[in-house]
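Novice: I have a structure here, written as structure tokens, and I will follow up with some questions on it.
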Amino acid sequence: MLDTAVMQHAETTAGADHPIKIAIAGLDFFYGRFQALRNVSLNVCERQITAFIGPSGCGKSTFLRALNRMNDVIEGARTQGRVLLDGEDIYAPDVDVVALRRRVGMVFQRPNPFPMSIFDNVAFGPRIHGFARGAELEDLVERSLTRAALWDEVKDILRQSAFSLSGGQQQRLCIARVLAVDPEVVLMDEPCSALDPISTLRIEELMNELKENYTIVIVTHNMQQAARVSHVTGFFLHGELIELGPSAKMFTQPDDKRTEDYITGRFG
Amino acid sequence: MTQPIRQTFEEQLAALQQDVVRMGSLASEAVQRAIQILTERDPEIAREVMDLENQIDALNLAIESRAVELLALQQPMARDLRTIVAVLRIITDIERIGDYSVDTSRQAVTLMEQPLFKPLVDIPRMARLVQSMLHDTLEGFVHRDLKLAMQAVHRDDEVDAAYRSLHDELTQFIQRDPGLTSQAIALLLIGTYLERMADHVTNIGERIWYMETGDLKELHE
């Protein structure tokens, strides 16, 4: 059941006409004594692209990792507050974290292909979760690589090591690997920072296509990228969500002076 | 205190705004000189109006070109973006004021052929109002003084009232003496140009409102 109290507490977003996929309420996060997130509340809407911007160390990546419990592996880390995926608390004691991370996949800043072939990288997830084999698996790998805008470049070298690919290709391979397990939410942490401009635009176009089926949350230092791809943008500063709103408004008429100062390159 | 990180961009943006003010000053001078043709009975001043108009047109193109360049190369956001969009609209309004000044000077020259049948009252007053409106809106633009700009825009009502007064007066003259029609029409056209100029200043006020608040709003009645 959807936790209505939490939903009401969370700030609504521009995607009011889209159902809420993730509701975050009163989220605090600590690295030991250091508080990296402060009382963050917002809703991420289904099948929309939500972008988070902010200076280094503002907490945006920590926030992103909180959405599929990637922070759990950090020693001394502590989370308070609630993160509801389709109304269910992902921090509840009985949550299967592996299953959660299949539903909420992640693409990291640096490409991190596994030391195996291109094909096996993409097939890895489906094999682990046991939902495809044989011709079906081959179809799934092709489909995933196509969606990641990589198929044409690798279709004849599928058995080669993933490390034989360029950095940009490796990143698209990682996106294909996430898509292969058919996630509901895709988290992207600076996914294009290692890509050339053309590959970046292809990934952005890809994101635009993926939003038809997936909820996408992206953290980026590239404000133009956030402006280009996202429906909703949030601005983090010192662990606080300063402002969240439709990207068209955030980049032309932000409400908060701190947002204005950040996106126009002024700080003080 | 806010510390600009993009110092070069800040300077380019400030220079762009200063050039808009310079363009506005030229337009204001063009209005003044066009009316001086009437008040000083000197048709030679029309050349100066044309020269000012040429400078205004050149600045219009130069500013537009630089504004587009800043959009493309600097990808401005938020207020910076709104400022450049405002600049692109404001220069169009100033350019139109320049055009109306030339129109005014042409009509004024036709009035040199015979003595005026009435003393000039409303027309010089309207011109002064347009000049002060233009001056104050552009001061508001460059100094981010929305109040000053809005006060200036409200003086459009005085221009409209003066125009109505001029219209009524000239209509009465024509009714009394149809032989005055030609001269009255020329004077009325000048009044119409000045009234339109004030409307363009109001448009400028709307752009300043947008630049400062982010809201697009019609300031005309």
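Please note that chains go A, B, ... in the order of the structure tokens, that every chain numbers its residues from 1, and that ligands are numbered from 1 in the order shown.
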So which residues touch A:Glu205 within 12 Å, counting only C-alpha atoms, skipping near sequence neighbours fewer than 2 positions away, as number ranges by chain?

Specialist: A: 49, 147-149, 198-203, 207-212, 225, 228-230

Novice: Only N, CA, C and O atoms, please: the residues just picked out, written as a short mmCIF file (atom, residue, chain, number, x, y, z; two decimals), in the first residue's frame.

Specialist:
data_model
loop_
_atom_site.label_atom_id
_atom_site.label_comp_id
_atom_site.auth_asym_id
_atom_site.auth_seq_id
_atom_site.Cartn_x
_atom_site.Cartn_y
_atom_site.Cartn_z
N ILE A 49 12.18 11.84 -16.53
CA ILE A 49 13.60 11.96 -16.24
C ILE A 49 13.76 13.06 -15.19
O ILE A 49 13.35 14.20 -15.43
N ARG A 147 19.35 -0.75 -27.64
CA ARG A 147 18.80 0.35 -26.84
C ARG A 147 19.90 1.25 -26.29
O ARG A 147 19.67 2.44 -26.07
N ALA A 148 21.05 0.65 -26.06
CA ALA A 148 22.17 1.44 -25.53
C ALA A 148 23.00 2.07 -26.64
O ALA A 148 24.10 2.58 -26.39
N ALA A 149 22.49 2.02 -27.86
CA ALA A 149 23.15 2.65 -29.01
C ALA A 149 24.55 2.10 -29.23
O ALA A 149 25.48 2.83 -29.59
N ILE A 198 29.40 13.41 -29.18
CA ILE A 198 28.43 12.70 -30.02
C ILE A 198 27.84 11.53 -29.24
O ILE A 198 26.62 11.32 -29.23
N SER A 199 28.70 10.80 -28.53
CA SER A 199 28.19 9.69 -27.71
C SER A 199 27.26 10.22 -26.63
O SER A 199 26.26 9.60 -26.29
N THR A 200 27.61 11.39 -26.08
CA THR A 200 26.78 12.01 -25.05
C THR A 200 25.39 12.30 -25.60
O THR A 200 24.38 11.96 -24.97
N LEU A 201 25.35 12.86 -26.80
CA LEU A 201 24.05 13.18 -27.40
C LEU A 201 23.27 11.90 -27.70
O LEU A 201 22.05 11.87 -27.57
N ARG A 202 23.98 10.85 -28.07
CA ARG A 202 23.29 9.57 -28.33
C ARG A 202 22.71 9.00 -27.03
O ARG A 202 21.59 8.48 -27.03
N ILE A 203 23.45 9.14 -25.97
CA ILE A 203 22.94 8.65 -24.68
C ILE A 203 21.74 9.50 -24.25
O ILE A 203 20.74 8.97 -23.75
N MET A 207 18.15 8.20 -23.51
CA MET A 207 17.39 8.45 -22.28
C MET A 207 15.97 8.89 -22.60
O MET A 207 15.01 8.48 -21.97
N ASN A 208 15.88 9.73 -23.63
CA ASN A 208 14.57 10.23 -24.05
C ASN A 208 13.67 9.08 -24.51
O ASN A 208 12.47 9.08 -24.26
N GLU A 209 14.28 8.08 -25.17
CA GLU A 209 13.51 6.91 -25.59
C GLU A 209 13.19 6.02 -24.39
O GLU A 209 12.08 5.49 -24.27
N LEU A 210 14.17 5.86 -23.53
CA LEU A 210 13.98 4.96 -22.38
C LEU A 210 12.89 5.44 -21.43
O LEU A 210 12.25 4.64 -20.76
N LYS A 211 12.68 6.74 -21.39
CA LYS A 211 11.70 7.26 -20.43
C LYS A 211 10.29 6.76 -20.74
O LYS A 211 9.41 6.82 -19.89
N GLU A 212 10.08 6.27 -21.97
CA GLU A 212 8.77 5.72 -22.31
C GLU A 212 8.46 4.50 -21.44
O GLU A 212 7.31 4.18 -21.18
N GLN A 225 23.12 19.50 -19.87
CA GLN A 225 22.58 18.16 -20.04
C GLN A 225 21.28 18.00 -19.24
O GLN A 225 20.29 17.49 -19.75
N ARG A 228 18.66 19.77 -21.04
CA ARG A 228 18.26 19.12 -22.30
C ARG A 228 17.37 17.90 -22.06
O ARG A 228 16.41 17.69 -22.78
N VAL A 229 17.73 17.09 -21.07
CA VAL A 229 17.08 15.78 -21.00
C VAL A 229 15.97 15.65 -19.97
O VAL A 229 15.11 14.78 -20.11
N SER A 230 15.99 16.47 -18.93
CA SER A 230 15.12 16.14 -17.81
C SER A 230 13.80 16.89 -17.83
O SER A 230 13.69 17.99 -18.36
#

Novice: Pick out the chain A residues within 10 Å of chain B. Count only C-alpha atoms. Give them as a PyMOL selection string.

Specialist: chain A and resi 223-224+227+248-255+259-268

Novice: So which one's closest to A:Phe114, A:Pro191, A:Val217, A:Glu184, A:Arg177? Using only C-alpha atoms, please.

Specialist: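 Comparing A:Pro191, A:Val217, A:Glu184, A:Arg177 against A:Phe114, the winner is A:Arg177.
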
Novice: Which residues are close to stretch 53-61 of chain A, i.e. within 8 Å by only C-alpha atoms, leaving aside same-chain residues fewer than 5 positions away? Reply as an mmCIF file with all heavy atoms, in the first residue's frame.

Specialist:
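The new file around-v1.cif reads:
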data_model
loop_
_atom_site.group_PDB
_atom_site.id
_atom_site.type_symbol
_atom_site.label_atom_id
_atom_site.label_comp_id
_atom_site.auth_asym_id
_atom_site.auth_seq_id
_atom_site.Cartn_x
_atom_site.Cartn_y
_atom_site.Cartn_z
ATOM 1 N N ALA A 36 25.463 13.828 5.290
ATOM 2 C CA ALA A 36 25.565 14.127 3.857
ATOM 3 C C ALA A 36 24.231 14.505 3.233
ATOM 4 O O ALA A 36 24.191 15.183 2.202
ATOM 5 C CB ALA A 36 26.150 12.931 3.112
ATOM 6 N N LEU A 37 23.133 14.062 3.839
ATOM 7 C CA LEU A 37 21.803 14.437 3.355
ATOM 8 C C LEU A 37 20.978 14.924 4.527
ATOM 9 O O LEU A 37 21.016 14.328 5.610
ATOM 10 C CB LEU A 37 21.091 13.250 2.688
ATOM 11 C CG LEU A 37 21.675 12.732 1.371
ATOM 12 C CD1 LEU A 37 20.904 11.494 0.905
ATOM 13 C CD2 LEU A 37 21.640 13.802 0.286
ATOM 14 N N ASP A 189 24.630 8.052 -12.611
ATOM 15 C CA ASP A 189 25.515 8.954 -11.874
ATOM 16 C C ASP A 189 26.568 9.505 -12.836
ATOM 17 O O ASP A 189 27.538 8.817 -13.138
ATOM 18 C CB ASP A 189 26.172 8.189 -10.710
ATOM 19 C CG ASP A 189 26.906 9.118 -9.764
ATOM 20 O OD1 ASP A 189 26.982 10.334 -10.053
ATOM 21 O OD2 ASP A 189 27.410 8.629 -8.740
ATOM 22 N N VAL A 219 22.167 12.131 -12.103
ATOM 23 C CA VAL A 219 22.972 13.148 -11.437
ATOM 24 C C VAL A 219 23.989 13.626 -12.458
ATOM 25 O O VAL A 219 24.613 12.819 -13.140
ATOM 26 C CB VAL A 219 23.687 12.548 -10.207
ATOM 27 C CG1 VAL A 219 24.881 13.391 -9.805
ATOM 28 C CG2 VAL A 219 22.711 12.414 -9.049
ATOM 29 N N THR A 220 24.097 14.918 -12.615
ATOM 30 C CA THR A 220 25.040 15.424 -13.616
ATOM 31 C C THR A 220 25.648 16.745 -13.172
ATOM 32 O O THR A 220 24.991 17.559 -12.513
ATOM 33 C CB THR A 220 24.360 15.580 -14.999
ATOM 34 O OG1 THR A 220 25.291 16.134 -15.922
ATOM 35 C CG2 THR A 220 23.116 16.456 -14.942
ATOM 36 N N HIS A 221 26.893 16.936 -13.553
ATOM 37 C CA HIS A 221 27.528 18.238 -13.359
ATOM 38 C C HIS A 221 27.239 19.145 -14.546
ATOM 39 O O HIS A 221 27.492 20.342 -14.483
ATOM 40 C CB HIS A 221 29.052 18.069 -13.240
ATOM 41 C CG HIS A 221 29.489 17.826 -11.843
ATOM 42 N ND1 HIS A 221 30.157 16.690 -11.463
ATOM 43 C CD2 HIS A 221 29.326 18.547 -10.719
ATOM 44 C CE1 HIS A 221 30.394 16.746 -10.162
ATOM 45 N NE2 HIS A 221 29.901 17.863 -9.696
ATOM 46 N N ASN A 222 26.773 18.533 -15.603
ATOM 47 C CA ASN A 222 26.543 19.275 -16.842
ATOM 48 C C ASN A 222 25.118 19.829 -16.826
ATOM 49 O O ASN A 222 24.155 19.134 -17.095
ATOM 50 C CB ASN A 222 26.755 18.322 -18.018
ATOM 51 C CG ASN A 222 26.613 19.005 -19.361
ATOM 52 O OD1 ASN A 222 25.965 20.049 -19.471
ATOM 53 N ND2 ASN A 222 27.205 18.421 -20.374
ATOM 54 N N MET A 223 25.014 21.125 -16.519
ATOM 55 C CA MET A 223 23.673 21.702 -16.376
ATOM 56 C C MET A 223 22.923 21.721 -17.697
ATOM 57 O O MET A 223 21.709 21.556 -17.730
ATOM 58 C CB MET A 223 23.772 23.116 -15.816
ATOM 59 C CG MET A 223 23.991 23.074 -14.317
ATOM 60 S SD MET A 223 24.010 24.710 -13.649
ATOM 61 C CE MET A 223 25.603 25.259 -14.208
ATOM 62 N N ALA A 226 21.312 18.455 -18.010
ATOM 63 C CA ALA A 226 20.097 18.382 -17.180
ATOM 64 C C ALA A 226 18.961 19.134 -17.870
ATOM 65 O O ALA A 226 17.830 18.661 -17.942
ATOM 66 C CB ALA A 226 20.374 18.967 -15.793
ATOM 67 N N THR A 233 14.082 19.033 -12.430
ATOM 68 C CA THR A 233 15.453 19.180 -11.929
ATOM 69 C C THR A 233 15.413 19.570 -10.458
ATOM 70 O O THR A 233 14.594 20.403 -10.052
ATOM 71 C CB THR A 233 16.222 20.252 -12.738
ATOM 72 O OG1 THR A 233 16.341 19.824 -14.089
ATOM 73 C CG2 THR A 233 17.624 20.461 -12.167
ATOM 74 N N GLY A 234 16.303 18.950 -9.703
ATOM 75 C CA GLY A 234 16.461 19.310 -8.297
ATOM 76 C C GLY A 234 17.863 19.845 -8.070
ATOM 77 O O GLY A 234 18.819 19.404 -8.703
ATOM 78 N N PHE A 235 17.970 20.825 -7.193
ATOM 79 C CA PHE A 235 19.280 21.416 -6.890
ATOM 80 C C PHE A 235 19.650 21.114 -5.434
ATOM 81 O O PHE A 235 18.901 21.456 -4.516
ATOM 82 C CB PHE A 235 19.230 22.931 -7.120
ATOM 83 C CG PHE A 235 20.449 23.666 -6.619
ATOM 84 C CD1 PHE A 235 21.725 23.323 -7.052
ATOM 85 C CD2 PHE A 235 20.326 24.705 -5.704
ATOM 86 C CE1 PHE A 235 22.844 23.993 -6.594
ATOM 87 C CE2 PHE A 235 21.443 25.388 -5.238
ATOM 88 C CZ PHE A 235 22.703 25.029 -5.680
ATOM 89 N N PHE A 236 20.785 20.462 -5.255
ATOM 90 C CA PHE A 236 21.291 20.141 -3.927
ATOM 91 C C PHE A 236 22.423 21.087 -3.541
ATOM 92 O O PHE A 236 23.249 21.463 -4.378
ATOM 93 C CB PHE A 236 21.868 18.710 -3.906
ATOM 94 C CG PHE A 236 20.855 17.641 -3.614
ATOM 95 C CD1 PHE A 236 20.281 16.911 -4.646
ATOM 96 C CD2 PHE A 236 20.487 17.351 -2.313
ATOM 97 C CE1 PHE A 236 19.350 15.912 -4.389
ATOM 98 C CE2 PHE A 236 19.556 16.350 -2.031
ATOM 99 C CZ PHE A 236 18.986 15.636 -3.069
ATOM 100 N N LEU A 237 22.439 21.435 -2.274
ATOM 101 C CA LEU A 237 23.553 22.233 -1.740
ATOM 102 C C LEU A 237 23.742 21.845 -0.279
ATOM 103 O O LEU A 237 22.775 21.861 0.498
ATOM 104 C CB LEU A 237 23.229 23.727 -1.872
ATOM 105 C CG LEU A 237 24.332 24.716 -1.507
ATOM 106 C CD1 LEU A 237 25.537 24.581 -2.440
ATOM 107 C CD2 LEU A 237 23.804 26.145 -1.559
ATOM 108 N N HIS A 238 24.959 21.487 0.081
ATOM 109 C CA HIS A 238 25.287 21.101 1.463
ATOM 110 C C HIS A 238 24.310 20.059 2.009
ATOM 111 O O HIS A 238 23.870 20.152 3.159
ATOM 112 C CB HIS A 238 25.288 22.334 2.382
ATOM 113 C CG HIS A 238 26.180 23.442 1.924
ATOM 114 N ND1 HIS A 238 27.472 23.237 1.480
ATOM 115 C CD2 HIS A 238 25.956 24.779 1.800
ATOM 116 C CE1 HIS A 238 28.003 24.387 1.122
ATOM 117 N NE2 HIS A 238 27.101 25.341 1.291
ATOM 118 N N GLY A 239 23.968 19.096 1.182
ATOM 119 C CA GLY A 239 23.121 17.993 1.647
ATOM 120 C C GLY A 239 21.644 18.294 1.676
ATOM 121 O O GLY A 239 20.838 17.421 2.006
ATOM 122 N N GLU A 240 21.267 19.518 1.315
ATOM 123 C CA GLU A 240 19.848 19.880 1.319
ATOM 124 C C GLU A 240 19.331 19.987 -0.108
ATOM 125 O O GLU A 240 20.042 20.473 -1.001
ATOM 126 C CB GLU A 240 19.658 21.263 1.957
ATOM 127 C CG GLU A 240 19.651 21.269 3.462
ATOM 128 C CD GLU A 240 19.366 22.685 3.949
ATOM 129 O OE1 GLU A 240 18.250 23.178 3.727
ATOM 130 O OE2 GLU A 240 20.291 23.284 4.523
ATOM 131 N N TYR A 262 23.863 29.408 -8.517
ATOM 132 C CA TYR A 262 24.613 28.231 -8.979
ATOM 133 C C TYR A 262 24.516 28.072 -10.491
ATOM 134 O O TYR A 262 25.530 27.919 -11.171
ATOM 135 C CB TYR A 262 24.103 26.965 -8.278
ATOM 136 C CG TYR A 262 24.863 25.743 -8.726
ATOM 137 C CD1 TYR A 262 26.200 25.548 -8.369
ATOM 138 C CD2 TYR A 262 24.271 24.784 -9.545
ATOM 139 C CE1 TYR A 262 26.923 24.459 -8.806
ATOM 140 C CE2 TYR A 262 24.978 23.684 -9.988
ATOM 141 C CZ TYR A 262 26.299 23.517 -9.613
ATOM 142 O OH TYR A 262 27.007 22.437 -10.056
#

Novice: Taking only stretch 63-264 of chain A into account, list the residues labelled strand (DSSP E) by DSSP (computed from the backbone), as a PyMOL selection string.

Specialist: chain A and resi 77-85+88-89+104-107+185-189+215-219+232-237+240-246

Novice: Selected residues, N, CA, C and O atoms, written as a compact mmCIF listing (two decimals), in the first residue's frame, please.

Specialist:
# COMPACT_ATOMS: atom_id res chain seq x y z
N ALA A 77 27.97 4.04 7.53
CA ALA A 77 26.89 4.81 6.90
C ALA A 77 25.57 4.53 7.60
O ALA A 77 25.32 3.42 8.07
N ARG A 78 24.75 5.55 7.68
CA ARG A 78 23.47 5.41 8.38
C ARG A 78 22.41 6.22 7.62
O ARG A 78 22.66 7.36 7.22
N THR A 79 21.26 5.60 7.46
CA THR A 79 20.17 6.26 6.73
C THR A 79 18.97 6.40 7.64
O THR A 79 18.62 5.47 8.37
N GLN A 80 18.34 7.56 7.62
CA GLN A 80 17.08 7.78 8.32
C GLN A 80 16.07 8.35 7.33
O GLN A 80 16.46 8.98 6.36
N GLY A 81 14.80 8.14 7.64
CA GLY A 81 13.77 8.63 6.73
C GLY A 81 13.26 7.48 5.87
O GLY A 81 13.58 6.32 6.11
N ARG A 82 12.47 7.84 4.87
CA ARG A 82 11.83 6.79 4.11
C ARG A 82 11.99 6.98 2.61
O ARG A 82 11.95 8.10 2.11
N VAL A 83 12.21 5.84 1.95
CA VAL A 83 12.25 5.82 0.49
C VAL A 83 11.27 4.74 0.04
O VAL A 83 11.49 3.56 0.30
N LEU A 84 10.18 5.18 -0.55
CA LEU A 84 9.14 4.25 -0.96
C LEU A 84 9.17 4.03 -2.46
O LEU A 84 9.05 5.00 -3.23
N LEU A 85 9.39 2.78 -2.86
CA LEU A 85 9.32 2.42 -4.28
C LEU A 85 7.96 1.77 -4.51
O LEU A 85 7.67 0.73 -3.93
N GLU A 88 6.37 0.97 -1.30
CA GLU A 88 6.99 0.04 -0.34
C GLU A 88 8.35 0.56 0.08
O GLU A 88 9.15 0.97 -0.76
N ASP A 89 8.59 0.49 1.37
CA ASP A 89 9.82 1.05 1.94
C ASP A 89 11.01 0.18 1.55
O ASP A 89 11.09 -0.99 1.97
N VAL A 104 15.85 -1.35 -9.54
CA VAL A 104 16.43 0.01 -9.59
C VAL A 104 17.90 -0.13 -9.99
O VAL A 104 18.78 -0.28 -9.15
N GLY A 105 18.15 -0.11 -11.29
CA GLY A 105 19.49 -0.32 -11.80
C GLY A 105 20.32 0.95 -11.74
O GLY A 105 19.79 2.05 -11.52
N MET A 106 21.63 0.77 -11.93
CA MET A 106 22.50 1.95 -11.80
C MET A 106 23.61 1.95 -12.84
O MET A 106 24.22 0.93 -13.13
N VAL A 107 23.83 3.13 -13.38
CA VAL A 107 24.95 3.35 -14.30
C VAL A 107 25.88 4.33 -13.60
O VAL A 107 25.44 5.38 -13.13
N VAL A 185 13.47 1.38 -12.72
CA VAL A 185 14.12 2.68 -12.52
C VAL A 185 15.59 2.54 -12.92
O VAL A 185 16.22 1.53 -12.60
N VAL A 186 16.09 3.54 -13.64
CA VAL A 186 17.52 3.55 -13.96
C VAL A 186 18.14 4.79 -13.32
O VAL A 186 17.72 5.91 -13.59
N LEU A 187 19.10 4.55 -12.44
CA LEU A 187 19.83 5.65 -11.80
C LEU A 187 21.10 5.87 -12.60
O LEU A 187 21.80 4.91 -12.93
N MET A 188 21.40 7.11 -12.90
CA MET A 188 22.60 7.42 -13.69
C MET A 188 23.43 8.46 -12.95
O MET A 188 22.95 9.58 -12.73
N ASP A 189 24.63 8.05 -12.61
CA ASP A 189 25.51 8.95 -11.87
C ASP A 189 26.57 9.51 -12.84
O ASP A 189 27.54 8.82 -13.14
N THR A 215 11.67 4.79 -15.42
CA THR A 215 11.83 6.03 -14.65
C THR A 215 13.34 6.28 -14.54
O THR A 215 14.08 5.37 -14.16
N ILE A 216 13.77 7.46 -14.91
CA ILE A 216 15.21 7.73 -14.94
C ILE A 216 15.55 8.85 -13.97
O ILE A 216 14.87 9.89 -13.94
N VAL A 217 16.57 8.58 -13.16
CA VAL A 217 17.07 9.61 -12.25
C VAL A 217 18.55 9.80 -12.59
O VAL A 217 19.31 8.84 -12.61
N ILE A 218 18.92 11.02 -12.89
CA ILE A 218 20.29 11.28 -13.32
C ILE A 218 20.92 12.37 -12.45
O ILE A 218 20.27 13.36 -12.10
N VAL A 219 22.17 12.13 -12.10
CA VAL A 219 22.97 13.15 -11.44
C VAL A 219 23.99 13.63 -12.46
O VAL A 219 24.61 12.82 -13.14
N VAL A 232 12.22 17.21 -14.78
CA VAL A 232 12.25 17.84 -13.47
C VAL A 232 13.71 17.92 -13.03
O VAL A 232 14.49 17.01 -13.28
N THR A 233 14.08 19.03 -12.43
CA THR A 233 15.45 19.18 -11.93
C THR A 233 15.41 19.57 -10.46
O THR A 233 14.59 20.40 -10.05
N GLY A 234 16.30 18.95 -9.70
CA GLY A 234 16.46 19.31 -8.30
C GLY A 234 17.86 19.85 -8.07
O GLY A 234 18.82 19.40 -8.70
N PHE A 235 17.97 20.83 -7.19
CA PHE A 235 19.28 21.42 -6.89
C PHE A 235 19.65 21.11 -5.43
O PHE A 235 18.90 21.46 -4.52
N PHE A 236 20.79 20.46 -5.26
CA PHE A 236 21.29 20.14 -3.93
C PHE A 236 22.42 21.09 -3.54
O PHE A 236 23.25 21.46 -4.38
N LEU A 237 22.44 21.43 -2.27
CA LEU A 237 23.55 22.23 -1.74
C LEU A 237 23.74 21.84 -0.28
O LEU A 237 22.77 21.86 0.50
N GLU A 240 21.27 19.52 1.31
CA GLU A 240 19.85 19.88 1.32
C GLU A 240 19.33 19.99 -0.11
O GLU A 240 20.04 20.47 -1.00
N LEU A 241 18.10 19.57 -0.28
CA LEU A 241 17.43 19.83 -1.55
C LEU A 241 16.90 21.26 -1.48
O LEU A 241 15.97 21.55 -0.74
N ILE A 242 17.55 22.14 -2.23
CA ILE A 242 17.18 23.56 -2.16
C ILE A 242 15.91 23.84 -2.94
O ILE A 242 15.04 24.59 -2.51
N GLU A 243 15.81 23.22 -4.10
CA GLU A 243 14.68 23.52 -4.98
C GLU A 243 14.49 22.37 -5.95
O GLU A 243 15.45 21.74 -6.39
N LEU A 244 13.24 22.11 -6.25
CA LEU A 244 12.90 21.07 -7.22
C LEU A 244 11.74 21.59 -8.05
O LEU A 244 10.79 22.14 -7.50
N GLY A 245 11.85 21.46 -9.36
CA GLY A 245 10.75 21.96 -10.18
C GLY A 245 10.91 21.55 -11.63
O GLY A 245 11.92 20.93 -11.99
N PRO A 246 9.94 21.91 -12.46
CA PRO A 246 10.06 21.62 -13.89
C PRO A 246 11.35 22.22 -14.43
O PRO A 246 11.68 23.37 -14.11

Novice: Could you tell me how far atom CA of A:Gly125 sits from atom CA of A:Pro113, in Å to one decimal place?

Specialist: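 So the answer is 12.4 Å.
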
Novice: From a DSSP calculation on the backbone, collect every residue of stretch 137-258 of chain A in helix (DSSP H, G or I) and output the set as a VMD selection string.

Specialist: chain A and resid 137 to 147 151 to 154 162 to 164 167 to 180 197 to 210 223 to 229 247 to 250 257 to 258
